[in-house]
Amino acid sequence: MPEPLPDPAPTAGGYAVAHPVDQNPGLGILLRILAMALMAVLAAIVKVCAERGVPVLEIIFFRNAFAFIPVLIYIWRTTGLGVLRTRRPGAHLTRSAVGLTGMICGFTAVSLLPLTQSTAISFSAPLFMVALSALILKEPVSLHRWVAVAIGFAGVLIMVHPDPRQFAGVGVLFAIAAAVGSAGAMIAIREISRTEPGPTIVFYFTLAGAVAGLASLPFGWVLPGPEVLLLLIASGLIGGTGQLLQTEAIRRAPVAVVAPFDYTQLVWAGVIGFLIWGETPAMLTLIGAMVVAASSTYILWREIGRSRS
């Protein structure tokens, strides 16, 4: 699943986040679709590596360590390395802990579930974000949004139908926990982005992921063969590039324009799952995913309208 990113406004907290660029909705949509394709490929790589016996935390180390390459290139070409200065290390630590919890659960879910199902459940994160914003941030939530959340959760229940052949019980629990973690990361990003620019948040999350993954070395890493090692390195390059394409898409076009195209990841996941594992998405998974997509899109529309007002 895609790691949530801050909306990279031209300035935040007094820092330059990125050089302003001309708005180009068509290019923004294309970049968002490419980002979703890369995230689907990343999920497939995680699944293959897990099937080869690579522990999840070892995968997370490679995913974040090699993501530094595209992330640092992006920061150097846009904001400059001075943007890495921060006055809120504690806030970054909290955001990273929440995000990494979601990433660990998400990678575990990918290893246990069909690729399409784990991807579909991940899209329930905006629903949990509404609930968490009401509970944690004490934000008022309108009746319209609560109704949309209820409909979205009905879609989740449709998707998580029992499937013993795919370890659905455990896998679904991890997938839902990953969605909750992603929602928590969105809440943390919303708070920290009031004073910290987007590239700073991405950098310190990537750093935390690499350190956490490396810390698991004494607890059972495996020595990957050449093919698996290449896949692990690719996971970082692809994941980091996918994150940056998501950010660049928002720089090129409004969130309301590009965000609905996040659901193209489900298409990419279905194609990859069929080609590699012969997976055929269950009809209930597709129906539930459409319900979740519709409710999440409505919530996004209401959120943007509320922000503008």
# chains A, B, ... in the order shown; residues from 1 in each chain; ligands from 1
$ residues_around --residues "A:Ala249" --least-positions-apart "3" --cutoff "6 Å" --atoms "only C-alpha atoms" --output "NGL selection string"
:A and (28 or 31-32 or 245-246 or 252)
$ residues_around --residues "stretch 49-53 of chain A" --least-positions-apart "2" --cutoff "8 Å" --atoms "only C-alpha atoms" --output "ChimeraX atom specification"
/A:45-47,55-56,59,111,222,228,231-232
$ write_last_selection --atoms "C-alpha atoms" --output "mmCIF file, in the first residue's frame"
data_model
loop_
_atom_site.group_PDB
_atom_site.id
_atom_site.type_symbol
_atom_site.label_atom_id
_atom_site.label_comp_id
_atom_site.auth_asym_id
_atom_site.auth_seq_id
_atom_site.Cartn_x
_atom_site.Cartn_y
_atom_site.Cartn_z
ATOM 1 C CA ILE A 45 8.062 -7.596 -4.918
ATOM 2 C CA VAL A 46 7.261 -7.715 -1.199
ATOM 3 C CA LYS A 47 5.072 -10.770 -1.778
ATOM 4 C CA PRO A 55 11.547 -11.514 6.998
ATOM 5 C CA VAL A 56 9.267 -8.482 6.748
ATOM 6 C CA ILE A 59 12.346 -6.177 3.460
ATOM 7 C CA SER A 111 2.455 -11.867 2.050
ATOM 8 C CA VAL A 222 18.360 -14.404 5.835
ATOM 9 C CA VAL A 228 16.164 -11.844 -4.339
ATOM 10 C CA LEU A 231 14.391 -7.509 -5.916
ATOM 11 C CA LEU A 232 15.071 -6.085 -2.446
#
$ closest_residue --among "A:Val258, A:Ala97, A:Ala43, A:Leu72" --to "A:Phe205" --atoms "only C-alpha atoms"
A:Ala97
$ atom_distance --atom1 "atom CA of A:Gly106" --atom2 "atom CA of A:Ser122"
7.9 Å
$ residues_around --residues "A:Phe174" --least-positions-apart "4" --cutoff "9 Å" --atoms "only C-alpha atoms" --output "list in words"
Gly102, Ile104, Cys105, Gly106, Phe107, Thr108, Ala109, Val110, Leu112, Gly169, Val170, Ala178 and Ala179 of chain A
$ write_last_selection --atoms "N, CA, C and O atoms" --output "mmCIF file, in the first residue's frame"
data_model
loop_
_atom_site.group_PDB
_atom_site.id
_atom_site.type_symbol
_atom_site.label_atom_id
_atom_site.label_comp_id
_atom_site.auth_asym_id
_atom_site.auth_seq_id
_atom_site.Cartn_x
_atom_site.Cartn_y
_atom_site.Cartn_z
ATOM 1 N N GLY A 102 2.074 0.653 10.413
ATOM 2 C CA GLY A 102 1.212 0.383 9.275
ATOM 3 C C GLY A 102 1.940 -0.329 8.153
ATOM 4 O O GLY A 102 1.394 -1.242 7.518
ATOM 5 N N ILE A 104 4.599 -2.352 8.394
ATOM 6 C CA ILE A 104 4.859 -3.743 8.793
ATOM 7 C C ILE A 104 3.602 -4.593 8.612
ATOM 8 O O ILE A 104 3.642 -5.689 8.049
ATOM 9 N N CYS A 105 2.481 -4.062 9.088
ATOM 10 C CA CYS A 105 1.221 -4.804 8.932
ATOM 11 C C CYS A 105 0.842 -4.942 7.460
ATOM 12 O O CYS A 105 0.356 -5.988 7.025
ATOM 13 N N GLY A 106 1.074 -3.885 6.683
ATOM 14 C CA GLY A 106 0.734 -3.931 5.272
ATOM 15 C C GLY A 106 1.563 -4.949 4.512
ATOM 16 O O GLY A 106 1.029 -5.714 3.694
ATOM 17 N N PHE A 107 2.868 -4.994 4.768
ATOM 18 C CA PHE A 107 3.733 -5.965 4.085
ATOM 19 C C PHE A 107 3.365 -7.392 4.503
ATOM 20 O O PHE A 107 3.397 -8.315 3.684
ATOM 21 N N THR A 108 3.005 -7.559 5.790
ATOM 22 C CA THR A 108 2.593 -8.886 6.243
ATOM 23 C C THR A 108 1.299 -9.304 5.561
ATOM 24 O O THR A 108 1.145 -10.456 5.147
ATOM 25 N N ALA A 109 0.360 -8.373 5.420
ATOM 26 C CA ALA A 109 -0.906 -8.678 4.744
ATOM 27 C C ALA A 109 -0.667 -9.073 3.294
ATOM 28 O O ALA A 109 -1.287 -10.014 2.785
ATOM 29 N N VAL A 110 0.234 -8.361 2.625
ATOM 30 C CA VAL A 110 0.552 -8.677 1.231
ATOM 31 C C VAL A 110 1.091 -10.098 1.110
ATOM 32 O O VAL A 110 0.797 -10.814 0.141
ATOM 33 N N LEU A 112 0.282 -12.629 2.892
ATOM 34 C CA LEU A 112 -0.708 -13.640 3.256
ATOM 35 C C LEU A 112 -1.946 -13.644 2.356
ATOM 36 O O LEU A 112 -2.619 -14.672 2.261
ATOM 37 N N GLY A 169 -8.160 -15.142 7.564
ATOM 38 C CA GLY A 169 -8.390 -14.637 8.909
ATOM 39 C C GLY A 169 -7.243 -13.780 9.391
ATOM 40 O O GLY A 169 -7.433 -12.620 9.760
ATOM 41 N N VAL A 170 -6.017 -14.306 9.357
ATOM 42 C CA VAL A 170 -4.844 -13.564 9.817
ATOM 43 C C VAL A 170 -4.514 -12.442 8.849
ATOM 44 O O VAL A 170 -4.237 -11.305 9.252
ATOM 45 N N ALA A 178 -3.136 -2.441 8.972
ATOM 46 C CA ALA A 178 -2.329 -1.584 8.107
ATOM 47 C C ALA A 178 -3.105 -0.343 7.695
ATOM 48 O O ALA A 178 -2.554 0.768 7.650
ATOM 49 N N ALA A 179 -4.400 -0.514 7.395
ATOM 50 C CA ALA A 179 -5.230 0.637 7.026
ATOM 51 C C ALA A 179 -5.373 1.604 8.198
ATOM 52 O O ALA A 179 -5.330 2.830 8.018
#
$ select_by_dssp --residues "stretch 18-217 of chain A" --states "alpha helix (DSSP H)" --output "short mmCIF file (atom, residue, chain, number, x, y, z; two decimals) with N, CA and C atoms, in the first residue's frame"
data_model
loop_
_atom_site.label_atom_id
_atom_site.label_comp_id
_atom_site.auth_asym_id
_atom_site.auth_seq_id
_atom_site.Cartn_x
_atom_site.Cartn_y
_atom_site.Cartn_z
N PRO A 25 -2.85 19.56 -15.13
CA PRO A 25 -3.66 18.45 -14.62
C PRO A 25 -3.43 17.14 -15.36
N GLY A 26 -3.27 17.21 -16.70
CA GLY A 26 -3.04 15.98 -17.45
C GLY A 26 -1.77 15.28 -17.01
N LEU A 27 -0.70 16.04 -16.83
CA LEU A 27 0.56 15.46 -16.38
C LEU A 27 0.43 14.96 -14.95
N GLY A 28 -0.30 15.70 -14.10
CA GLY A 28 -0.49 15.26 -12.72
C GLY A 28 -1.20 13.92 -12.65
N ILE A 29 -2.24 13.75 -13.48
CA ILE A 29 -2.97 12.48 -13.51
C ILE A 29 -2.04 11.36 -13.98
N LEU A 30 -1.26 11.62 -15.03
CA LEU A 30 -0.34 10.60 -15.55
C LEU A 30 0.67 10.19 -14.49
N LEU A 31 1.22 11.17 -13.78
CA LEU A 31 2.20 10.87 -12.73
C LEU A 31 1.57 10.04 -11.62
N ARG A 32 0.32 10.36 -11.28
CA ARG A 32 -0.37 9.62 -10.21
C ARG A 32 -0.61 8.17 -10.64
N ILE A 33 -1.01 7.97 -11.90
CA ILE A 33 -1.23 6.61 -12.39
C ILE A 33 0.07 5.82 -12.40
N LEU A 34 1.16 6.47 -12.83
CA LEU A 34 2.46 5.80 -12.82
C LEU A 34 2.88 5.45 -11.39
N ALA A 35 2.61 6.36 -10.45
CA ALA A 35 2.93 6.10 -9.05
C ALA A 35 2.18 4.88 -8.54
N MET A 36 0.91 4.77 -8.90
CA MET A 36 0.12 3.63 -8.45
C MET A 36 0.61 2.33 -9.08
N ALA A 37 1.06 2.39 -10.32
CA ALA A 37 1.63 1.21 -10.96
C ALA A 37 2.89 0.77 -10.21
N LEU A 38 3.73 1.73 -9.83
CA LEU A 38 4.95 1.39 -9.09
C LEU A 38 4.62 0.82 -7.72
N MET A 39 3.59 1.34 -7.07
CA MET A 39 3.21 0.81 -5.76
C MET A 39 2.67 -0.62 -5.87
N ALA A 40 1.98 -0.91 -6.96
CA ALA A 40 1.51 -2.29 -7.18
C ALA A 40 2.70 -3.21 -7.43
N VAL A 41 3.69 -2.73 -8.18
CA VAL A 41 4.90 -3.53 -8.41
C VAL A 41 5.63 -3.75 -7.09
N LEU A 42 5.71 -2.69 -6.26
CA LEU A 42 6.35 -2.83 -4.95
C LEU A 42 5.67 -3.90 -4.12
N ALA A 43 4.34 -3.90 -4.09
CA ALA A 43 3.61 -4.92 -3.32
C ALA A 43 3.91 -6.31 -3.84
N ALA A 44 4.02 -6.45 -5.16
CA ALA A 44 4.34 -7.76 -5.74
C ALA A 44 5.74 -8.20 -5.34
N ILE A 45 6.69 -7.26 -5.33
CA ILE A 45 8.06 -7.60 -4.92
C ILE A 45 8.08 -8.04 -3.46
N VAL A 46 7.35 -7.33 -2.62
CA VAL A 46 7.26 -7.72 -1.20
C VAL A 46 6.72 -9.14 -1.07
N LYS A 47 5.69 -9.45 -1.84
CA LYS A 47 5.07 -10.77 -1.78
C LYS A 47 6.06 -11.86 -2.23
N VAL A 48 6.76 -11.59 -3.32
CA VAL A 48 7.73 -12.58 -3.82
C VAL A 48 8.85 -12.79 -2.80
N CYS A 49 9.39 -11.71 -2.25
CA CYS A 49 10.49 -11.84 -1.29
C CYS A 49 10.03 -12.57 -0.02
N ALA A 50 8.82 -12.27 0.43
CA ALA A 50 8.30 -12.97 1.61
C ALA A 50 8.13 -14.46 1.33
N GLU A 51 7.69 -14.79 0.11
CA GLU A 51 7.56 -16.20 -0.26
C GLU A 51 8.91 -16.90 -0.31
N VAL A 56 9.88 -9.76 7.11
CA VAL A 56 9.27 -8.48 6.75
C VAL A 56 10.16 -7.31 7.12
N LEU A 57 10.78 -7.34 8.31
CA LEU A 57 11.61 -6.21 8.73
C LEU A 57 12.87 -6.11 7.88
N GLU A 58 13.37 -7.20 7.37
CA GLU A 58 14.50 -7.14 6.45
C GLU A 58 14.07 -6.48 5.14
N ILE A 59 12.88 -6.83 4.66
CA ILE A 59 12.35 -6.18 3.46
C ILE A 59 12.19 -4.69 3.70
N ILE A 60 11.71 -4.31 4.89
CA ILE A 60 11.51 -2.90 5.21
C ILE A 60 12.83 -2.15 5.21
N PHE A 61 13.91 -2.79 5.68
CA PHE A 61 15.23 -2.13 5.63
C PHE A 61 15.60 -1.79 4.20
N PHE A 62 15.53 -2.77 3.30
CA PHE A 62 15.91 -2.51 1.92
C PHE A 62 14.96 -1.51 1.26
N ARG A 63 13.67 -1.63 1.59
CA ARG A 63 12.68 -0.71 1.02
C ARG A 63 13.01 0.74 1.35
N ASN A 64 13.49 1.00 2.57
CA ASN A 64 13.77 2.36 2.98
C ASN A 64 15.21 2.78 2.70
N ALA A 65 16.16 1.88 2.88
CA ALA A 65 17.56 2.25 2.67
C ALA A 65 17.81 2.68 1.23
N PHE A 68 16.44 6.07 -0.23
CA PHE A 68 17.20 7.30 -0.04
C PHE A 68 17.73 7.85 -1.36
N ILE A 69 18.02 6.98 -2.31
CA ILE A 69 18.61 7.45 -3.57
C ILE A 69 17.66 8.39 -4.30
N PRO A 70 16.42 7.95 -4.64
CA PRO A 70 15.52 8.91 -5.30
C PRO A 70 15.08 10.05 -4.40
N VAL A 71 14.91 9.78 -3.09
CA VAL A 71 14.46 10.84 -2.18
C VAL A 71 15.48 11.97 -2.09
N LEU A 72 16.76 11.63 -1.92
CA LEU A 72 17.79 12.65 -1.79
C LEU A 72 18.00 13.40 -3.11
N ILE A 73 17.90 12.69 -4.23
CA ILE A 73 18.01 13.36 -5.53
C ILE A 73 16.89 14.38 -5.67
N TYR A 74 15.67 13.99 -5.28
CA TYR A 74 14.52 14.88 -5.38
C TYR A 74 14.71 16.11 -4.49
N ILE A 75 15.15 15.90 -3.25
CA ILE A 75 15.35 17.01 -2.33
C ILE A 75 16.44 17.95 -2.86
N TRP A 76 17.51 17.39 -3.37
CA TRP A 76 18.61 18.19 -3.90
C TRP A 76 18.16 19.05 -5.08
N ARG A 77 17.28 18.49 -5.94
CA ARG A 77 16.86 19.21 -7.13
C ARG A 77 15.72 20.19 -6.88
N THR A 78 15.04 20.08 -5.75
CA THR A 78 13.88 20.94 -5.50
C THR A 78 14.13 21.92 -4.36
N PRO A 89 12.07 16.83 16.33
CA PRO A 89 12.44 15.42 16.19
C PRO A 89 11.43 14.47 16.84
N GLY A 90 10.83 14.91 17.95
CA GLY A 90 9.85 14.06 18.62
C GLY A 90 8.62 13.81 17.76
N ALA A 91 8.15 14.84 17.06
CA ALA A 91 7.00 14.69 16.18
C ALA A 91 7.32 13.75 15.02
N HIS A 92 8.53 13.86 14.49
CA HIS A 92 8.94 12.95 13.41
C HIS A 92 9.01 11.51 13.92
N LEU A 93 9.47 11.35 15.16
CA LEU A 93 9.55 10.00 15.72
C LEU A 93 8.16 9.40 15.88
N THR A 94 7.21 10.19 16.35
CA THR A 94 5.84 9.69 16.50
C THR A 94 5.24 9.34 15.16
N ARG A 95 5.39 10.24 14.18
CA ARG A 95 4.85 9.97 12.85
C ARG A 95 5.48 8.72 12.24
N SER A 96 6.79 8.53 12.44
CA SER A 96 7.49 7.37 11.88
C SER A 96 7.04 6.08 12.55
N ALA A 97 6.86 6.12 13.87
CA ALA A 97 6.43 4.92 14.59
C ALA A 97 5.05 4.46 14.10
N VAL A 98 4.14 5.42 13.93
CA VAL A 98 2.80 5.07 13.45
C VAL A 98 2.87 4.54 12.02
N GLY A 99 3.61 5.25 11.16
CA GLY A 99 3.71 4.84 9.76
C GLY A 99 4.38 3.50 9.59
N LEU A 100 5.43 3.24 10.37
CA LEU A 100 6.13 1.96 10.26
C LEU A 100 5.27 0.81 10.76
N THR A 101 4.48 1.06 11.78
CA THR A 101 3.54 0.02 12.23
C THR A 101 2.60 -0.36 11.10
N GLY A 102 2.07 0.65 10.41
CA GLY A 102 1.21 0.38 9.27
C GLY A 102 1.94 -0.33 8.15
N MET A 103 3.20 0.04 7.90
CA MET A 103 3.97 -0.59 6.83
C MET A 103 4.24 -2.06 7.14
N ILE A 104 4.60 -2.35 8.39
CA ILE A 104 4.86 -3.74 8.79
C ILE A 104 3.60 -4.59 8.61
N CYS A 105 2.48 -4.06 9.09
CA CYS A 105 1.22 -4.80 8.93
C CYS A 105 0.84 -4.94 7.46
N GLY A 106 1.07 -3.89 6.68
CA GLY A 106 0.73 -3.93 5.27
C GLY A 106 1.56 -4.95 4.51
N PHE A 107 2.87 -4.99 4.77
CA PHE A 107 3.73 -5.96 4.09
C PHE A 107 3.37 -7.39 4.50
N THR A 108 3.01 -7.56 5.79
CA THR A 108 2.59 -8.89 6.24
C THR A 108 1.30 -9.30 5.56
N ALA A 109 0.36 -8.37 5.42
CA ALA A 109 -0.91 -8.68 4.74
C ALA A 109 -0.67 -9.07 3.29
N VAL A 110 0.23 -8.36 2.62
CA VAL A 110 0.55 -8.68 1.23
C VAL A 110 1.09 -10.10 1.11
N SER A 111 1.87 -10.52 2.10
CA SER A 111 2.46 -11.87 2.05
C SER A 111 1.42 -12.96 2.28
N LEU A 112 0.28 -12.63 2.89
CA LEU A 112 -0.71 -13.64 3.26
C LEU A 112 -1.95 -13.64 2.36
N LEU A 115 -2.99 -10.42 -3.94
CA LEU A 115 -2.54 -9.05 -4.11
C LEU A 115 -3.71 -8.08 -4.26
N THR A 116 -4.72 -8.47 -5.00
CA THR A 116 -5.87 -7.58 -5.21
C THR A 116 -6.61 -7.32 -3.91
N GLN A 117 -6.78 -8.36 -3.09
CA GLN A 117 -7.54 -8.20 -1.85
C GLN A 117 -6.80 -7.31 -0.86
N SER A 118 -5.50 -7.54 -0.69
CA SER A 118 -4.75 -6.71 0.25
C SER A 118 -4.73 -5.26 -0.21
N THR A 119 -4.63 -5.04 -1.53
CA THR A 119 -4.66 -3.67 -2.05
C THR A 119 -6.01 -3.03 -1.83
N ALA A 120 -7.08 -3.78 -2.08
CA ALA A 120 -8.43 -3.22 -1.92
C ALA A 120 -8.69 -2.81 -0.48
N ILE A 121 -8.30 -3.64 0.48
CA ILE A 121 -8.54 -3.32 1.88
C ILE A 121 -7.74 -2.09 2.30
N SER A 122 -6.56 -1.90 1.70
CA SER A 122 -5.74 -0.75 2.08
C SER A 122 -6.44 0.58 1.78
N ALA A 125 -8.28 3.16 4.37
CA ALA A 125 -7.59 4.06 5.29
C ALA A 125 -8.31 5.40 5.47
N PRO A 126 -8.81 6.05 4.40
CA PRO A 126 -9.52 7.32 4.62
C PRO A 126 -10.72 7.20 5.54
N LEU A 127 -11.35 6.03 5.56
CA LEU A 127 -12.50 5.84 6.44
C LEU A 127 -12.05 5.87 7.89
N PHE A 128 -10.95 5.17 8.18
CA PHE A 128 -10.43 5.18 9.55
C PHE A 128 -9.91 6.58 9.92
N MET A 129 -9.41 7.32 8.92
CA MET A 129 -8.90 8.66 9.21
C MET A 129 -10.01 9.57 9.74
N VAL A 130 -11.22 9.45 9.19
CA VAL A 130 -12.34 10.26 9.66
C VAL A 130 -12.62 9.94 11.13
N ALA A 131 -12.66 8.65 11.45
CA ALA A 131 -12.94 8.25 12.82
C ALA A 131 -11.84 8.72 13.77
N LEU A 132 -10.57 8.56 13.34
CA LEU A 132 -9.46 8.95 14.20
C LEU A 132 -9.39 10.47 14.37
N SER A 133 -9.72 11.21 13.32
CA SER A 133 -9.70 12.67 13.44
C SER A 133 -10.73 13.14 14.46
N ALA A 134 -11.86 12.43 14.54
CA ALA A 134 -12.87 12.80 15.53
C ALA A 134 -12.44 12.42 16.93
N LEU A 135 -11.80 11.25 17.07
CA LEU A 135 -11.41 10.77 18.40
C LEU A 135 -10.15 11.45 18.92
N LEU A 143 -22.74 14.68 9.64
CA LEU A 143 -23.53 13.47 9.45
C LEU A 143 -23.27 12.86 8.09
N HIS A 144 -23.07 13.69 7.05
CA HIS A 144 -22.80 13.18 5.71
C HIS A 144 -21.54 12.30 5.70
N ARG A 145 -20.51 12.77 6.38
CA ARG A 145 -19.24 12.01 6.39
C ARG A 145 -19.39 10.72 7.20
N TRP A 146 -20.13 10.77 8.32
CA TRP A 146 -20.33 9.54 9.09
C TRP A 146 -21.11 8.52 8.27
N VAL A 147 -22.09 8.97 7.50
CA VAL A 147 -22.84 8.05 6.64
C VAL A 147 -21.90 7.44 5.59
N ALA A 148 -21.03 8.27 5.01
CA ALA A 148 -20.07 7.76 4.03
C ALA A 148 -19.13 6.75 4.66
N VAL A 149 -18.70 7.01 5.90
CA VAL A 149 -17.83 6.05 6.61
C VAL A 149 -18.56 4.73 6.83
N ALA A 150 -19.82 4.80 7.27
CA ALA A 150 -20.59 3.58 7.51
C ALA A 150 -20.74 2.77 6.22
N ILE A 151 -21.02 3.45 5.11
CA ILE A 151 -21.13 2.74 3.83
C ILE A 151 -19.78 2.14 3.44
N GLY A 152 -18.71 2.90 3.67
CA GLY A 152 -17.38 2.38 3.35
C GLY A 152 -17.03 1.14 4.16
N PHE A 153 -17.37 1.15 5.44
CA PHE A 153 -17.09 -0.02 6.26
C PHE A 153 -17.93 -1.22 5.83
N ALA A 154 -19.12 -0.95 5.31
CA ALA A 154 -19.90 -2.05 4.75
C ALA A 154 -19.15 -2.67 3.56
N GLY A 155 -18.51 -1.81 2.77
CA GLY A 155 -17.70 -2.31 1.68
C GLY A 155 -16.52 -3.14 2.17
N VAL A 156 -15.91 -2.71 3.28
CA VAL A 156 -14.81 -3.49 3.86
C VAL A 156 -15.30 -4.87 4.29
N LEU A 157 -16.47 -4.92 4.93
CA LEU A 157 -17.02 -6.20 5.37
C LEU A 157 -17.30 -7.11 4.18
N ILE A 158 -17.71 -6.52 3.06
CA ILE A 158 -17.92 -7.33 1.85
C ILE A 158 -16.60 -7.92 1.38
N MET A 159 -15.53 -7.10 1.44
CA MET A 159 -14.23 -7.56 0.94
C MET A 159 -13.60 -8.63 1.81
N ALA A 168 -7.10 -16.09 5.14
CA ALA A 168 -7.79 -14.81 5.16
C ALA A 168 -7.95 -14.26 6.57
N GLY A 169 -8.16 -15.14 7.56
CA GLY A 169 -8.39 -14.64 8.91
C GLY A 169 -7.24 -13.78 9.39
N VAL A 170 -6.02 -14.31 9.36
CA VAL A 170 -4.84 -13.56 9.82
C VAL A 170 -4.51 -12.44 8.85
N GLY A 171 -4.54 -12.74 7.55
CA GLY A 171 -4.18 -11.74 6.55
C GLY A 171 -5.09 -10.54 6.59
N VAL A 172 -6.38 -10.77 6.75
CA VAL A 172 -7.34 -9.66 6.79
C VAL A 172 -7.09 -8.79 8.01
N LEU A 173 -6.80 -9.41 9.15
CA LEU A 173 -6.52 -8.64 10.36
C LEU A 173 -5.32 -7.73 10.16
N PHE A 174 -4.27 -8.25 9.54
CA PHE A 174 -3.09 -7.42 9.26
C PHE A 174 -3.43 -6.32 8.26
N ALA A 175 -4.26 -6.63 7.25
CA ALA A 175 -4.62 -5.63 6.25
C ALA A 175 -5.41 -4.49 6.88
N ILE A 176 -6.35 -4.83 7.77
CA ILE A 176 -7.13 -3.79 8.44
C ILE A 176 -6.24 -2.99 9.39
N ALA A 177 -5.34 -3.67 10.11
CA ALA A 177 -4.41 -2.97 10.99
C ALA A 177 -3.52 -2.02 10.18
N ALA A 178 -3.14 -2.44 8.97
CA ALA A 178 -2.33 -1.58 8.11
C ALA A 178 -3.10 -0.34 7.69
N ALA A 179 -4.40 -0.51 7.40
CA ALA A 179 -5.23 0.64 7.03
C ALA A 179 -5.37 1.60 8.20
N VAL A 180 -5.53 1.06 9.41
CA VAL A 180 -5.61 1.92 10.60
C VAL A 180 -4.29 2.66 10.80
N GLY A 181 -3.16 1.94 10.61
CA GLY A 181 -1.86 2.58 10.74
C GLY A 181 -1.66 3.68 9.71
N SER A 182 -2.10 3.42 8.49
CA SER A 182 -2.00 4.44 7.44
C SER A 182 -2.85 5.66 7.80
N ALA A 183 -4.04 5.42 8.33
CA ALA A 183 -4.89 6.54 8.75
C ALA A 183 -4.23 7.33 9.88
N GLY A 184 -3.63 6.62 10.82
CA GLY A 184 -2.91 7.30 11.90
C GLY A 184 -1.76 8.13 11.37
N ALA A 185 -1.07 7.60 10.36
CA ALA A 185 0.03 8.36 9.74
C ALA A 185 -0.49 9.62 9.07
N MET A 186 -1.67 9.53 8.44
CA MET A 186 -2.26 10.71 7.82
C MET A 186 -2.56 11.78 8.87
N ILE A 187 -3.08 11.34 10.02
CA ILE A 187 -3.37 12.28 11.10
C ILE A 187 -2.08 12.93 11.59
N ALA A 188 -1.03 12.11 11.77
CA ALA A 188 0.25 12.65 12.24
C ALA A 188 0.85 13.61 11.23
N ILE A 189 0.73 13.28 9.94
CA ILE A 189 1.24 14.16 8.89
C ILE A 189 0.49 15.48 8.89
N ARG A 190 -0.82 15.41 9.08
CA ARG A 190 -1.62 16.64 9.12
C ARG A 190 -1.14 17.56 10.22
N GLU A 191 -0.79 17.00 11.37
CA GLU A 191 -0.35 17.82 12.49
C GLU A 191 1.07 18.36 12.27
N ILE A 192 1.99 17.49 11.86
CA ILE A 192 3.38 17.90 11.75
C ILE A 192 3.63 18.81 10.56
N GLY A 198 7.11 19.01 3.49
CA GLY A 198 6.90 17.63 3.05
C GLY A 198 8.17 16.83 2.89
N PRO A 199 9.19 17.34 2.17
CA PRO A 199 10.41 16.55 1.99
C PRO A 199 11.08 16.16 3.31
N THR A 200 10.99 17.04 4.32
CA THR A 200 11.57 16.72 5.63
C THR A 200 10.85 15.53 6.25
N ILE A 201 9.52 15.52 6.16
CA ILE A 201 8.73 14.42 6.72
C ILE A 201 9.07 13.11 6.02
N VAL A 202 9.15 13.15 4.70
CA VAL A 202 9.47 11.94 3.94
C VAL A 202 10.87 11.44 4.30
N PHE A 203 11.84 12.36 4.39
CA PHE A 203 13.22 11.95 4.67
C PHE A 203 13.32 11.24 6.01
N TYR A 204 12.75 11.83 7.06
CA TYR A 204 12.91 11.24 8.39
C TYR A 204 12.10 9.95 8.55
N PHE A 205 10.99 9.83 7.82
CA PHE A 205 10.29 8.55 7.85
C PHE A 205 11.13 7.48 7.18
N THR A 206 11.74 7.80 6.06
CA THR A 206 12.60 6.85 5.36
C THR A 206 13.79 6.45 6.23
N LEU A 207 14.38 7.44 6.92
CA LEU A 207 15.49 7.15 7.82
C LEU A 207 15.06 6.23 8.94
N ALA A 208 13.91 6.50 9.55
CA ALA A 208 13.41 5.67 10.64
C ALA A 208 13.15 4.24 10.17
N GLY A 209 12.61 4.09 8.95
CA GLY A 209 12.36 2.76 8.43
C GLY A 209 13.63 1.97 8.21
N ALA A 210 14.67 2.64 7.71
CA ALA A 210 15.94 1.95 7.50
C ALA A 210 16.57 1.53 8.84
N VAL A 211 16.51 2.41 9.82
CA VAL A 211 17.08 2.10 11.14
C VAL A 211 16.31 0.97 11.82
N ALA A 212 14.98 1.04 11.78
CA ALA A 212 14.17 -0.01 12.40
C ALA A 212 14.40 -1.35 11.73
N GLY A 213 14.48 -1.35 10.40
CA GLY A 213 14.74 -2.60 9.70
C GLY A 213 16.10 -3.16 10.04
N LEU A 214 17.12 -2.29 10.10
CA LEU A 214 18.47 -2.74 10.42
C LEU A 214 18.56 -3.28 11.84
N ALA A 215 17.79 -2.70 12.75
CA ALA A 215 17.81 -3.15 14.15
C ALA A 215 17.32 -4.58 14.30
#
$ closest_residue --among "A:Ala282, A:Ala67, A:Ile136, A:Ile250" --to "A:Ile238" --atoms "only C-alpha atoms"
A:Ala67
